[in-house]
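Participant: The structure follows.
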Amino acid sequence: MPRSSNDQVPRHYAVAGNWPHAALAADAPVSAHYGQSLARNLERAMTSSGHTLRTLADATGVTHSTVSRVANGRVMPDLGTIARLEAAFGFQLWPGPAALPPEPSA
């Protein structure tokens, strides 16, 4: 689903490799970088906690299909979804500006 700024879903900008570790297109918008970093953080959190899509859905009230779409870069979650996921893990998943690629050297 495109966002209001007409950005495509994060996965749309992957040009090489497997999501969420794929290289993004040079012109990928900020939302794609944030979505990719969020998916990586979610992947690590699920692995370290032992949560599956279904157990995380049960713990958060977020459907397993929504968690899957976020993890697979097929949707950018709303704030309520992010809040419920972070509360379940007890730490921040939203990457913030650290998700942005470094500025090219002049």
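Identifiers for the structure tokens are assigned positionally: chains receive A, B, ... in sequence, residues are indexed from 1 per chain, and ligands are indexed from 1 in the order shown.
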Which parts of chain A does DSSP call helix (DSSP H, G or I) when run on the backbone here, written out as number ranges by chain?
Facilitator: A: 10-13, 30-49, 53-60, 64-71, 79-89, 96-99
Participant: For Ala32 (chain A), please output as a PyMOL selection string all residues within 8 Å (counting only C-alpha atoms; exclusion window: fewer than 5 positions along the same chain).
Facilitator: chain A and resi 9-11+13+24
Participant: Extract, using only C-alpha atoms, all DNA, RNA and protein residues at most 10 Å from Ala98 (chain A), discarding same-chain residues fewer than 2 positions from it, and format them as a count of residues only.
Facilitator: 9
Participant: Which residues are near Ala23 (chain A)? Cut-off 6 Å, only C-alpha atoms, ignore same chain within fewer than 4 positions. Put them as a PyMOL selection string.
Facilitator: chain A and resi 14-16
Participant: Using only C-alpha atoms, which of the listed residues (A:Ala39, A:Gln8, A:Leu93, A:Thr47) sits closest to Val67 (chain A)?
Facilitator: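 Distance minimum relative to Val67 (chain A) lands on A:Ala39.
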Participant: Which residues are near Gly61 (chain A)? Cut-off 12 Å, only C-alpha atoms, ignore same chain within fewer than 4 positions. Put them as a list of chain:residue names.
Facilitator: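 My list of contacting residues is A:Leu53, A:Arg54, A:Thr55, A:Leu56, A:Ala57, A:Ser65, A:Thr66, A:Val67, A:Gly80, A:Thr81, A:Ile82, A:Ala83, A:Arg84, A:Leu85, A:Ala87, A:Ala88.
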Participant: Could you work out how far CA of Arg74 (chain A) lies from CA of Val62 (chain A), giving the answer in Å with one decimal?
Facilitator: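 Computing the Euclidean distance for CA of Val62 (chain A) and CA of Arg74 (chain A) yields 15.5 Å.
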Participant: Work out how far CA of Thr60 (chain A) is from CA of Glu86 (chain A), in Å to one decimal.
Facilitator: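 For CA of Glu86 (chain A) relative to CA of Thr60 (chain A), the distance reads 9.2 Å.
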Participant: So, counting only C-alpha atoms, which residue among A:Gly90, A:Pro104, A:Pro97, A:Pro77 is closest to Gly35 (chain A)?
Facilitator: A:Pro77
